[in-house]
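Trainee: One structure coming up, written as structure tokens, with questions to follow.
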Amino acid sequence: MKNNHYSKKHFRSFNISEEEKVLKNTWRNYFKKGIDLGEVRPVIMDSWKRSQSYNINPNWDQATTICKQKEILKRRETNKDILTLIRPFMDDLFEIVKGTDSIIAFADKDGIVLELFGDSEIALNAASVNFKVGVDMCEKSSGTNSIALSLVHGKAIQVVGPEHYCVVWHTSHCSSAPIKDPYSNEIIGVITLVGYYRSTHPHSFGLVRTAADTIMRLIEQNGMKKEKYMINNYFSAALNSVSDGILIVNRLGEIIRINKIAAHLLKISLVENKKYQISDIPQLEPLSKYIEDSISGNEIILQDELNMLYEEKFKLLFTSRKIVVEGQYLGNIIILKKKVNKELKQHSAKYNFTSLIGKDQDFIKAIKLASKAAKTDKSILIIGESGTGKELFAQAIHNESERQFESFVAINCAAIPKDLISSELFGYAEGAFTSAVKGGKMGKFEAANGGTIFLDEIGDMALELQAHLLRVLEEREITPVGSNVSKPIDVRVIAATNKDLFSLVEENKFRLDLLYRLNVISIKVPPLRKRKQDIELFIKHYLPTKKICPNVLNYFYEYDWPGNLREMRNVMEQLDIFCEEEMVTEEYLPEYIRADFLEKEENTSLYQSVANETKKETMVIALENSSSVSDVAKKLGVSPSTLYRWASEYQINMKDYFKKTKQA
């Protein structure tokens with residue numbers, strides 16, 4: 001602050017320092033002569049240049065922009081929460097610097113000073129140059145100063161003496177630090193310590209930076225208390241008593257509470273006190289835009305479609321409401337209501353190759369082959385045991401093909417009576433048979449026209465129908481039952497079987513010409529028993545909230561899983577329902593699995609007993625025919641330390657045997 005603006009009878013004279021001389025000279029050279037000697041910090045020089053671009057007069061001897069009382073009151077109301085929080089803290093801070101000719105000030109995010117504490121002399125002199133409540137200290141209004149630079153750069157900074165743009169502040173030493181909202185990281189204000197340049201508090205920069213950090217922690221603690229209040233008093237009892245999914249989301253986009261329905265829908269685990277980021281949940285990706293809007297405080301009601309892994313496609317009713325406590329916006333409550341879209345489910349493919357779980361090399365190879373085959377329009381035969389996920393492959397192929405936006409129609413050839421499968425596949429005309437629907441009915445091939453038809457369990461199709469199917473594939477047209485009129489069709493056929501079709505050909509149960517027509521490209525999906533390394537992946541996917549005890553996990557690796565993935569999923573779902581503990585033990589296994597598990601445990605115990613006895617007998621024989629420990633270890637192919645361990649385990653004194661050997 002310029003000397004002649006302080007009361008001369010109070011102003012204390014000090015010898016000017018070399019640093020101040022250099023700064024004064026640098027300021028004069030730049031503003032009087034237009035010369036940059038490179039002796040000022042880059043952050044200051046950049047600010048000087050910006051201030052010049054704002055047409056601020058560097059020779060101003062007082063602040064020029066002061067808010068009117070009405071505007072000050074409005075800003076105080078807007079910032080009442082932060083002002084209420086920091087006033088006691090500013091009192092304490094002032095007690096530390098009291099008597100050092102210092103001022104402590106708080107400015108809002110726009111640089112308007114809203115609170116000010118100071119020693120009487122410096123406060124009076126500051127007021128005389130308009131540094132008071134309501135002064136605008138942003139760079140565009142007051143040029144280079146510490147409050148402005150804290151707002152520009154978002155960090156603590158000091159500006160000393162002639163580093164200030166305007167001469168009015170040249171006798172000031174100012175340290176400022178931004179206060180940021182811990183939830184959004186946005187600057188909500190700046191705390192500043194101002195003193196005379198020649199009598200500055202030696203620790204002013206550290207004090208103001210520590211003060212800002214402490215205030216931010218207070219804000220965070222205050223917010224956490226309100227969050228806890230919100231959770232414990234408003235939602236805890238209600239969350240798990242509704243049939244819809246409920247998420248409580250704070251302003252950071254963190255899920256701070258979730259009920260069981262939502263966790264099930266989104267395939268995430270319920271862990272107490274754990275916060276999930278919305279952005280970390282891929283199942284919510286289709287709703288990301290709406291969720292961002294809701295986190296911003298908007299209330300939203302809409303429907304959108306989610307494609308869930310290993311689940312049916314469904315419509316999701318998404319509702320978001322603001323949560324306001326004591327006038328403060330804290331977050332949103334999001335309600336997820338599942339609505340199955342049956343029509344979509346019947347004629348669309350849900351799965352992509354990213355939906356297929358596994359790291360087994362044969363499984364990865366099958367995915368690569370299927371992905372390449374998807375780019376063609378050739379017929380495909382998928383071979384694999386029941387429950388290995390053949391239809392998942394078929395849907396992924398469809399969704400990767402050029403037909404992905406057309407219909408995907410699946411039919412299980414083994415599940416439809418032989419006398420009905422022809423009409424199911426090719427449709428029928430009106431009056432074709434007694435119970436025929438008026439006007440006739442479209443068949444599966446016609447429903448799939450332009451898209452893909454998936455013929456599951458093709459090996460169970462009757463021979464007479466195989467001939468009809470072969471003709472459809474060759475002629476690319478269908479003739480509904482009871483009609484003489486053919487209809488052209490354009491479908492891609494993907495067939496699947498769990499049988500050896502070549503053996504069926506030899507038994508005259510399957511047509512060889514149809515086999516070659518379907519088997520243009522063949523893909524073999526390995527059974528679960530041959531991809532045991534994937535078992536833990538499936539456990540984590542189907543049972544994310546549980547842990548499997550080691551002996552049960554070992555059993556899962558030994559078990560053959562004759563039902564493959566379908567059986568694995570059913571077992572996991574049963575464990576999820578009946579086991580309320582975090583750790584799954586053998587008592588929660590399905591009865592048929594548990595019986596097999598216990599039998600294997602008994603057999604293992606019996607085998608281990610026999611093996612131990614055999615090992616002991618072998619060791620005794622080796623001891624009887626040896627003269628030293630190293631000799632015995634060499635004969636048994638183990639290390640001496642292992643031999644000593646065995647001797648201790650079987651309570652054998654090796655020295656007794658060596659004595660007998662010497663006596664003999």
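Lettering and numbering for the structure tokens are positional, with chains as A, B, ... in the shown order, residues counted from 1 in each chain, and ligands counted from 1 in the shown order.
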Got a sec: who's within 12 Å of Tyr644 (chain A), counting only C-alpha atoms, leaving out chain neighbours fewer than 5 positions off, as a tab-separated table (two decimals) with N, CA, C and O atoms, in the first residue's frame?
Mentor:
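What ended up in selection_13.tsv:
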chain	number	residue	atom	x	y	z
A	619	MET	N	10.59	-95.68	3.13
A	619	MET	CA	11.67	-95.02	3.85
A	619	MET	C	12.40	-96.02	4.75
A	619	MET	O	13.64	-96.01	4.83
A	629	VAL	N	22.49	-90.58	6.05
A	629	VAL	CA	21.32	-89.81	5.65
A	629	VAL	C	21.40	-89.43	4.18
A	629	VAL	O	20.42	-89.54	3.43
A	630	SER	N	22.58	-89.00	3.73
A	630	SER	CA	22.73	-88.60	2.34
A	630	SER	C	22.50	-89.77	1.39
A	630	SER	O	21.94	-89.60	0.30
A	632	VAL	N	20.46	-92.35	1.99
A	632	VAL	CA	19.00	-92.60	1.96
A	632	VAL	C	18.31	-91.56	1.08
A	632	VAL	O	17.45	-91.88	0.25
A	633	ALA	N	18.68	-90.28	1.26
A	633	ALA	CA	18.06	-89.20	0.49
A	633	ALA	C	18.29	-89.40	-1.00
A	633	ALA	O	17.39	-89.17	-1.82
A	638	VAL	N	15.13	-87.35	-2.67
A	638	VAL	CA	14.70	-86.17	-1.93
A	638	VAL	C	15.91	-85.53	-1.26
A	638	VAL	O	17.00	-86.11	-1.22
A	639	SER	N	15.73	-84.35	-0.71
A	639	SER	CA	16.81	-83.67	-0.01
A	639	SER	C	16.91	-84.21	1.42
A	639	SER	O	15.94	-84.74	1.96
A	649	GLU	N	7.87	-86.86	11.12
A	649	GLU	CA	6.44	-87.09	10.89
A	649	GLU	C	6.04	-88.52	11.23
A	649	GLU	O	4.98	-88.76	11.82
A	650	TYR	N	6.89	-89.49	10.86
A	650	TYR	CA	6.57	-90.91	11.10
A	650	TYR	C	7.23	-91.46	12.35
A	650	TYR	O	7.19	-92.67	12.61
A	651	GLN	N	7.87	-90.55	13.16
A	651	GLN	CA	8.50	-90.93	14.42
A	651	GLN	C	9.51	-92.07	14.23
A	651	GLN	O	9.47	-93.10	14.91
A	652	ILE	N	10.39	-91.86	13.28
A	652	ILE	CA	11.45	-92.84	12.98
A	652	ILE	C	12.79	-92.28	13.44
A	652	ILE	O	13.14	-91.15	13.11
A	653	ASN	N	13.53	-93.08	14.22
A	653	ASN	CA	14.88	-92.70	14.63
A	653	ASN	C	15.86	-93.32	13.64
A	653	ASN	O	16.14	-94.52	13.68
A	654	MET	N	16.38	-92.51	12.73
A	654	MET	CA	17.24	-93.03	11.66
A	654	MET	C	18.54	-93.63	12.20
A	654	MET	O	19.10	-94.56	11.61
A	655	LYS	N	19.06	-93.10	13.34
A	655	LYS	CA	20.32	-93.61	13.90
A	655	LYS	C	20.22	-95.09	14.26
A	655	LYS	O	21.20	-95.84	14.14
Trainee: Could you go through region 128-201 of chain A and tell me which residues DSSP, when run on the backbone, assigns to helix (DSSP H, G or I), listing them as a CSV table (one decimal) with N, CA, C and O atoms, in the first residue's frame?
Mentor:
chain,number,residue,atom,x,y,z
A,128,SER,N,-8.6,3.2,3.8
A,128,SER,CA,-8.4,4.4,3.1
A,128,SER,C,-8.1,4.3,1.6
A,128,SER,O,-8.3,5.2,0.9
A,139,GLU,N,-8.3,-10.1,-11.0
A,139,GLU,CA,-7.3,-9.5,-11.9
A,139,GLU,C,-7.8,-8.5,-12.9
A,139,GLU,O,-7.2,-7.5,-13.1
A,140,LYS,N,-9.0,-8.7,-13.4
A,140,LYS,CA,-9.6,-7.7,-14.3
A,140,LYS,C,-10.0,-6.4,-13.7
A,140,LYS,O,-10.1,-5.4,-14.4
A,141,SER,N,-10.1,-6.4,-12.4
A,141,SER,CA,-10.5,-5.2,-11.7
A,141,SER,C,-9.3,-4.5,-11.0
A,141,SER,O,-9.3,-3.2,-11.0
A,142,SER,N,-8.4,-5.3,-10.4
A,142,SER,CA,-7.4,-4.7,-9.6
A,142,SER,C,-6.0,-5.1,-10.0
A,142,SER,O,-5.0,-4.8,-9.3
A,146,SER,N,-2.3,-11.1,-4.9
A,146,SER,CA,-2.3,-12.6,-4.5
A,146,SER,C,-3.7,-13.2,-4.6
A,146,SER,O,-3.8,-14.4,-5.0
A,147,ILE,N,-4.7,-12.5,-4.3
A,147,ILE,CA,-6.1,-13.0,-4.4
A,147,ILE,C,-6.4,-13.4,-5.8
A,147,ILE,O,-6.8,-14.5,-6.1
A,148,ALA,N,-6.1,-12.5,-6.7
A,148,ALA,CA,-6.4,-12.7,-8.1
A,148,ALA,C,-5.6,-13.9,-8.7
A,148,ALA,O,-6.1,-14.7,-9.4
A,149,LEU,N,-4.3,-14.0,-8.3
A,149,LEU,CA,-3.4,-15.1,-8.8
A,149,LEU,C,-3.8,-16.4,-8.3
A,149,LEU,O,-3.7,-17.5,-8.9
A,150,SER,N,-4.3,-16.5,-7.0
A,150,SER,CA,-4.8,-17.7,-6.4
A,150,SER,C,-6.0,-18.2,-7.2
A,150,SER,O,-6.2,-19.4,-7.4
A,151,LEU,N,-6.9,-17.3,-7.6
A,151,LEU,CA,-8.1,-17.6,-8.4
A,151,LEU,C,-7.7,-18.1,-9.8
A,151,LEU,O,-8.2,-19.0,-10.3
A,152,VAL,N,-6.7,-17.4,-10.4
A,152,VAL,CA,-6.3,-17.8,-11.8
A,152,VAL,C,-5.6,-19.1,-11.8
A,152,VAL,O,-5.9,-20.0,-12.7
A,153,HIS,N,-4.7,-19.4,-10.8
A,153,HIS,CA,-3.9,-20.6,-10.9
A,153,HIS,C,-4.3,-21.7,-10.0
A,153,HIS,O,-3.9,-22.8,-10.1
A,161,GLY,N,5.3,-6.4,-2.4
A,161,GLY,CA,5.7,-5.1,-2.8
A,161,GLY,C,5.4,-4.7,-4.3
A,161,GLY,O,4.3,-4.9,-4.8
A,162,PRO,N,6.4,-4.3,-5.0
A,162,PRO,CA,6.3,-3.8,-6.4
A,162,PRO,C,6.0,-4.9,-7.4
A,162,PRO,O,5.9,-4.7,-8.5
A,163,GLU,N,5.8,-6.2,-6.9
A,163,GLU,CA,5.3,-7.2,-7.8
A,163,GLU,C,3.8,-6.9,-8.1
A,163,GLU,O,3.3,-7.4,-9.1
A,167,VAL,N,0.4,0.7,-8.0
A,167,VAL,CA,1.3,1.3,-7.0
A,167,VAL,C,0.6,1.3,-5.6
A,167,VAL,O,1.3,1.3,-4.6
A,168,VAL,N,-0.7,1.3,-5.6
A,168,VAL,CA,-1.4,1.4,-4.3
A,168,VAL,C,-1.0,0.2,-3.4
A,168,VAL,O,-1.1,0.3,-2.2
A,169,TRP,N,-0.6,-0.9,-4.0
A,169,TRP,CA,-0.3,-2.1,-3.2
A,169,TRP,C,1.2,-2.3,-3.0
A,169,TRP,O,1.6,-3.4,-2.5
A,197,TYR,N,5.0,-4.6,3.7
A,197,TYR,CA,6.1,-5.3,3.0
A,197,TYR,C,7.3,-5.4,3.9
A,197,TYR,O,8.0,-6.4,4.0
A,198,ARG,N,7.6,-4.3,4.7
A,198,ARG,CA,8.9,-4.2,5.4
A,198,ARG,C,8.7,-4.8,6.8
A,198,ARG,O,9.7,-4.8,7.6
A,199,SER,N,7.5,-5.2,7.2
A,199,SER,CA,7.3,-5.8,8.5
A,199,SER,C,6.4,-7.1,8.5
A,199,SER,O,5.6,-7.3,9.3
Trainee: Give me the residues within 8 Å of region 32-47 of chain A as an MDAnalysis selection string, counting only C-alpha atoms and dropping any in the same chain fewer than 2 places off.
Mentor: chainID A and resid 22:23 26:30 49:51 139 143:144 149 163
Trainee: Output N, CA, C and O atoms for every residue in the selection just made, as a PDB file, in the first residue's frame.
Mentor:
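The resulting file, selection09.pdb, is reproduced below:
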ATOM      1  N   VAL A  22      15.400  -3.742  -6.195  1.00  0.00           N
ATOM      2  CA  VAL A  22      15.376  -4.441  -7.482  1.00  0.00           C
ATOM      3  C   VAL A  22      13.956  -4.472  -8.040  1.00  0.00           C
ATOM      4  O   VAL A  22      13.722  -4.202  -9.227  1.00  0.00           O
ATOM      5  N   LEU A  23      12.979  -4.790  -7.181  1.00  0.00           N
ATOM      6  CA  LEU A  23      11.592  -4.869  -7.633  1.00  0.00           C
ATOM      7  C   LEU A  23      11.067  -3.505  -8.084  1.00  0.00           C
ATOM      8  O   LEU A  23      10.374  -3.393  -9.101  1.00  0.00           O
ATOM      9  N   THR A  26      12.603  -2.770 -11.414  1.00  0.00           N
ATOM     10  CA  THR A  26      12.002  -3.618 -12.453  1.00  0.00           C
ATOM     11  C   THR A  26      10.630  -3.088 -12.856  1.00  0.00           C
ATOM     12  O   THR A  26      10.290  -3.013 -14.040  1.00  0.00           O
ATOM     13  N   TRP A  27       9.828  -2.686 -11.834  1.00  0.00           N
ATOM     14  CA  TRP A  27       8.479  -2.171 -12.101  1.00  0.00           C
ATOM     15  C   TRP A  27       8.567  -0.884 -12.929  1.00  0.00           C
ATOM     16  O   TRP A  27       7.853  -0.703 -13.907  1.00  0.00           O
ATOM     17  N   ARG A  28       9.479   0.043 -12.529  1.00  0.00           N
ATOM     18  CA  ARG A  28       9.620   1.316 -13.249  1.00  0.00           C
ATOM     19  C   ARG A  28      10.071   1.088 -14.691  1.00  0.00           C
ATOM     20  O   ARG A  28       9.551   1.703 -15.628  1.00  0.00           O
ATOM     21  N   ASN A  29      11.065   0.193 -14.857  1.00  0.00           N
ATOM     22  CA  ASN A  29      11.564  -0.080 -16.214  1.00  0.00           C
ATOM     23  C   ASN A  29      10.453  -0.590 -17.130  1.00  0.00           C
ATOM     24  O   ASN A  29      10.378  -0.223 -18.306  1.00  0.00           O
ATOM     25  N   TYR A  30       9.602  -1.458 -16.572  1.00  0.00           N
ATOM     26  CA  TYR A  30       8.564  -2.066 -17.402  1.00  0.00           C
ATOM     27  C   TYR A  30       7.435  -1.089 -17.691  1.00  0.00           C
ATOM     28  O   TYR A  30       7.022  -0.920 -18.846  1.00  0.00           O
ATOM     29  N   LYS A  49       1.093  -8.540 -17.889  1.00  0.00           N
ATOM     30  CA  LYS A  49       0.684  -8.414 -19.293  1.00  0.00           C
ATOM     31  C   LYS A  49      -0.839  -8.563 -19.437  1.00  0.00           C
ATOM     32  O   LYS A  49      -1.472  -7.839 -20.207  1.00  0.00           O
ATOM     33  N   ARG A  50      -1.412  -9.495 -18.674  1.00  0.00           N
ATOM     34  CA  ARG A  50      -2.873  -9.649 -18.727  1.00  0.00           C
ATOM     35  C   ARG A  50      -3.554  -8.385 -18.194  1.00  0.00           C
ATOM     36  O   ARG A  50      -4.549  -7.916 -18.744  1.00  0.00           O
ATOM     37  N   SER A  51      -3.008  -7.874 -17.107  1.00  0.00           N
ATOM     38  CA  SER A  51      -3.593  -6.676 -16.500  1.00  0.00           C
ATOM     39  C   SER A  51      -3.559  -5.499 -17.474  1.00  0.00           C
ATOM     40  O   SER A  51      -4.505  -4.699 -17.538  1.00  0.00           O
ATOM     41  N   GLU A 139      -8.322 -10.088 -11.046  1.00  0.00           N
ATOM     42  CA  GLU A 139      -7.272  -9.516 -11.891  1.00  0.00           C
ATOM     43  C   GLU A 139      -7.816  -8.466 -12.858  1.00  0.00           C
ATOM     44  O   GLU A 139      -7.163  -7.454 -13.134  1.00  0.00           O
ATOM     45  N   GLY A 143      -5.841  -5.769 -11.142  1.00  0.00           N
ATOM     46  CA  GLY A 143      -4.516  -6.122 -11.627  1.00  0.00           C
ATOM     47  C   GLY A 143      -3.864  -7.207 -10.798  1.00  0.00           C
ATOM     48  O   GLY A 143      -4.522  -7.930 -10.039  1.00  0.00           O
ATOM     49  N   THR A 144      -2.553  -7.315 -10.906  1.00  0.00           N
ATOM     50  CA  THR A 144      -1.801  -8.377 -10.234  1.00  0.00           C
ATOM     51  C   THR A 144      -1.862  -8.225  -8.717  1.00  0.00           C
ATOM     52  O   THR A 144      -1.460  -7.194  -8.160  1.00  0.00           O
ATOM     53  N   LEU A 149      -4.271 -13.980  -8.314  1.00  0.00           N
ATOM     54  CA  LEU A 149      -3.448 -15.075  -8.844  1.00  0.00           C
ATOM     55  C   LEU A 149      -3.841 -16.424  -8.253  1.00  0.00           C
ATOM     56  O   LEU A 149      -3.717 -17.452  -8.912  1.00  0.00           O
ATOM     57  N   GLU A 163       5.830  -6.180  -6.874  1.00  0.00           N
ATOM     58  CA  GLU A 163       5.311  -7.215  -7.784  1.00  0.00           C
ATOM     59  C   GLU A 163       3.843  -6.942  -8.106  1.00  0.00           C
ATOM     60  O   GLU A 163       3.330  -7.405  -9.115  1.00  0.00           O
TER      61      GLU A 163
END
Trainee: Residues within 7 Å of region 480-486 of chain A, please, as a compact mmCIF listing (two decimals) with N, CA and C atoms, in the first residue's frame. Count only C-alpha atoms; anything in the same chain fewer than 3 positions from it doesn't count.
Mentor:
# COMPACT_ATOMS: atom_id res chain seq x y z
N SER A 423 -44.38 -76.52 -39.05
CA SER A 423 -45.17 -75.28 -39.05
C SER A 423 -44.48 -74.18 -38.25
N PHE A 426 -41.59 -72.99 -40.78
CA PHE A 426 -41.97 -72.43 -42.08
C PHE A 426 -43.34 -71.75 -42.09
N GLY A 427 -44.05 -71.83 -40.95
CA GLY A 427 -45.36 -71.21 -40.87
C GLY A 427 -46.44 -72.07 -41.52
N TYR A 428 -47.67 -71.59 -41.50
CA TYR A 428 -48.76 -72.35 -42.13
C TYR A 428 -49.80 -71.38 -42.68
N ALA A 429 -50.54 -71.90 -43.66
CA ALA A 429 -51.59 -71.10 -44.29
C ALA A 429 -52.90 -71.28 -43.53
N ALA A 432 -54.85 -74.81 -42.72
CA ALA A 432 -53.89 -75.89 -42.95
C ALA A 432 -54.23 -77.10 -42.10
N GLU A 477 -36.04 -70.14 -50.29
CA GLU A 477 -37.46 -69.82 -50.24
C GLU A 477 -38.18 -70.84 -49.37
Trainee: Quick one: residues within 10 Å of Leu589 (chain A), only C-alpha atoms counted, chain neighbours fewer than 2 positions away excluded, as a list in words?
Mentor: Val552, Val571, Met572, Gln574, Leu575, Phe578, Cys579, Val584, Thr585, Glu586, Glu587, Glu591, Tyr592, Ile593, Arg594, Ala595 and Phe597 of chain A
Trainee: Just want the 7 Å neighbourhood of Val133 (chain A), counted on only C-alpha atoms, with same-chain residues fewer than 5 positions away dropped. Output as a VMD selection string.
Mentor: chain A and resid 113 to 116
Trainee: Can you tell me which residues surround Ser102 (chain A) at a distance of at most 8 Å, considering only C-alpha atoms, apart from same-chain residues fewer than 2 positions away, and format the answer as JSON, numbers by chain?
Mentor: {"A": [97, 98, 99, 100, 104, 118, 119, 122, 193, 194, 195, 196, 200, 201]}
Trainee: Find the nearest atom pair between each residue of region 128-201 of chain A and region 60-65 of chain A for residues within 6 Å, count only C-alpha atoms, give distances in Å to one decimal, sort rows by chain and ascending number, and present the table as JSON lines.
Mentor:
{"residue": "A:Val129", "atom": "CA", "partner": "A:Gln62", "partner_atom": "CA", "distance": 4.4}
{"residue": "A:Asn130", "atom": "CA", "partner": "A:Ala63", "partner_atom": "CA", "distance": 5.4}
{"residue": "A:Asp136", "atom": "CA", "partner": "A:Thr65", "partner_atom": "CA", "distance": 5.6}
{"residue": "A:Cys166", "atom": "CA", "partner": "A:Trp60", "partner_atom": "CA", "distance": 5.8}
{"residue": "A:Val168", "atom": "CA", "partner": "A:Asp61", "partner_atom": "CA", "distance": 4.4}
Trainee: Can you write just those residues out, all heavy atoms, as a short mmCIF file (atom, residue, chain, number, x, y, z; two decimals), in the first residue's frame?
Mentor:
data_model
loop_
_atom_site.label_atom_id
_atom_site.label_comp_id
_atom_site.auth_asym_id
_atom_site.auth_seq_id
_atom_site.Cartn_x
_atom_site.Cartn_y
_atom_site.Cartn_z
N VAL A 129 -7.67 3.12 1.24
CA VAL A 129 -7.43 2.88 -0.20
C VAL A 129 -8.44 1.87 -0.74
O VAL A 129 -8.21 1.21 -1.75
CB VAL A 129 -5.98 2.41 -0.45
CG1 VAL A 129 -5.00 3.52 -0.16
CG2 VAL A 129 -5.65 1.16 0.35
N ASN A 130 -9.55 1.73 0.00
CA ASN A 130 -10.70 0.89 -0.42
C ASN A 130 -10.45 -0.62 -0.33
O ASN A 130 -11.19 -1.39 -0.94
CB ASN A 130 -11.15 1.24 -1.84
CG ASN A 130 -11.88 2.55 -1.88
OD1 ASN A 130 -12.48 2.97 -0.89
ND2 ASN A 130 -11.84 3.23 -3.03
N ASP A 136 -13.44 -5.49 -5.09
CA ASP A 136 -13.25 -6.52 -6.12
C ASP A 136 -11.76 -6.65 -6.40
O ASP A 136 -11.15 -5.76 -7.00
CB ASP A 136 -14.01 -6.14 -7.39
CG ASP A 136 -13.95 -7.23 -8.46
OD1 ASP A 136 -13.16 -8.20 -8.29
OD2 ASP A 136 -14.68 -7.10 -9.46
N CYS A 166 -0.57 -2.45 -9.44
CA CYS A 166 -0.90 -1.06 -9.10
C CYS A 166 -0.03 -0.56 -7.94
O CYS A 166 0.19 -1.29 -6.96
CB CYS A 166 -2.37 -0.94 -8.73
SG CYS A 166 -3.49 -1.29 -10.10
N VAL A 168 -0.72 1.29 -5.59
CA VAL A 168 -1.42 1.35 -4.32
C VAL A 168 -1.05 0.19 -3.40
O VAL A 168 -1.10 0.30 -2.17
CB VAL A 168 -2.95 1.40 -4.54
CG1 VAL A 168 -3.45 0.13 -5.17
CG2 VAL A 168 -3.69 1.67 -3.22
#
Trainee: What does the distance between CA of Asp101 (chain A) and CA of Glu121 (chain A) come to in Å, to one decimal place?
Mentor: 7.1 Å
Trainee: Per DSSP on the backbone, filter region 90-137 of chain A down to the residues in strand (DSSP E or B) and report them as a VMD selection string.
Mentor: chain A and resid 102 to 108 112 to 118 135 to 136
Trainee: Take the residues from that selection and write them out as a compact mmCIF listing (two decimals), in the first residue's frame, keeping N, CA and C atoms.
Mentor:
# COMPACT_ATOMS: atom_id res chain seq x y z
N SER A 102 -1.24 -7.01 10.68
CA SER A 102 -1.71 -7.94 9.65
C SER A 102 -3.22 -7.87 9.49
N ILE A 103 -3.68 -8.24 8.30
CA ILE A 103 -5.11 -8.36 7.99
C ILE A 103 -5.36 -9.76 7.48
N ILE A 104 -6.45 -10.37 7.92
CA ILE A 104 -6.90 -11.65 7.38
C ILE A 104 -8.20 -11.39 6.66
N ALA A 105 -8.26 -11.81 5.40
CA ALA A 105 -9.45 -11.54 4.58
C ALA A 105 -9.92 -12.82 3.89
N PHE A 106 -11.23 -12.86 3.63
CA PHE A 106 -11.81 -13.94 2.82
C PHE A 106 -12.52 -13.32 1.62
N ALA A 107 -12.17 -13.81 0.42
CA ALA A 107 -12.83 -13.36 -0.81
C ALA A 107 -13.55 -14.55 -1.43
N ASP A 108 -14.68 -14.28 -2.09
CA ASP A 108 -15.42 -15.39 -2.73
C ASP A 108 -14.76 -15.81 -4.04
N ILE A 112 -14.35 -11.11 -4.63
CA ILE A 112 -14.99 -10.06 -3.83
C ILE A 112 -14.73 -10.34 -2.35
N VAL A 113 -14.10 -9.41 -1.63
CA VAL A 113 -13.82 -9.59 -0.21
C VAL A 113 -15.12 -9.51 0.58
N LEU A 114 -15.40 -10.58 1.36
CA LEU A 114 -16.65 -10.65 2.13
C LEU A 114 -16.42 -10.63 3.63
N GLU A 115 -15.20 -10.87 4.06
CA GLU A 115 -14.89 -10.89 5.49
C GLU A 115 -13.48 -10.36 5.68
N LEU A 116 -13.27 -9.60 6.80
CA LEU A 116 -11.96 -8.99 6.99
C LEU A 116 -11.71 -8.75 8.48
N PHE A 117 -10.56 -9.21 8.98
CA PHE A 117 -10.12 -9.00 10.35
C PHE A 117 -8.73 -8.36 10.29
N GLY A 118 -8.45 -7.37 11.15
CA GLY A 118 -7.12 -6.78 11.10
C GLY A 118 -6.79 -5.92 12.29
N VAL A 135 -14.67 -4.94 -1.81
CA VAL A 135 -13.73 -4.60 -2.86
C VAL A 135 -13.54 -5.79 -3.80
N ASP A 136 -13.44 -5.49 -5.09
CA ASP A 136 -13.25 -6.52 -6.12
C ASP A 136 -11.76 -6.65 -6.40
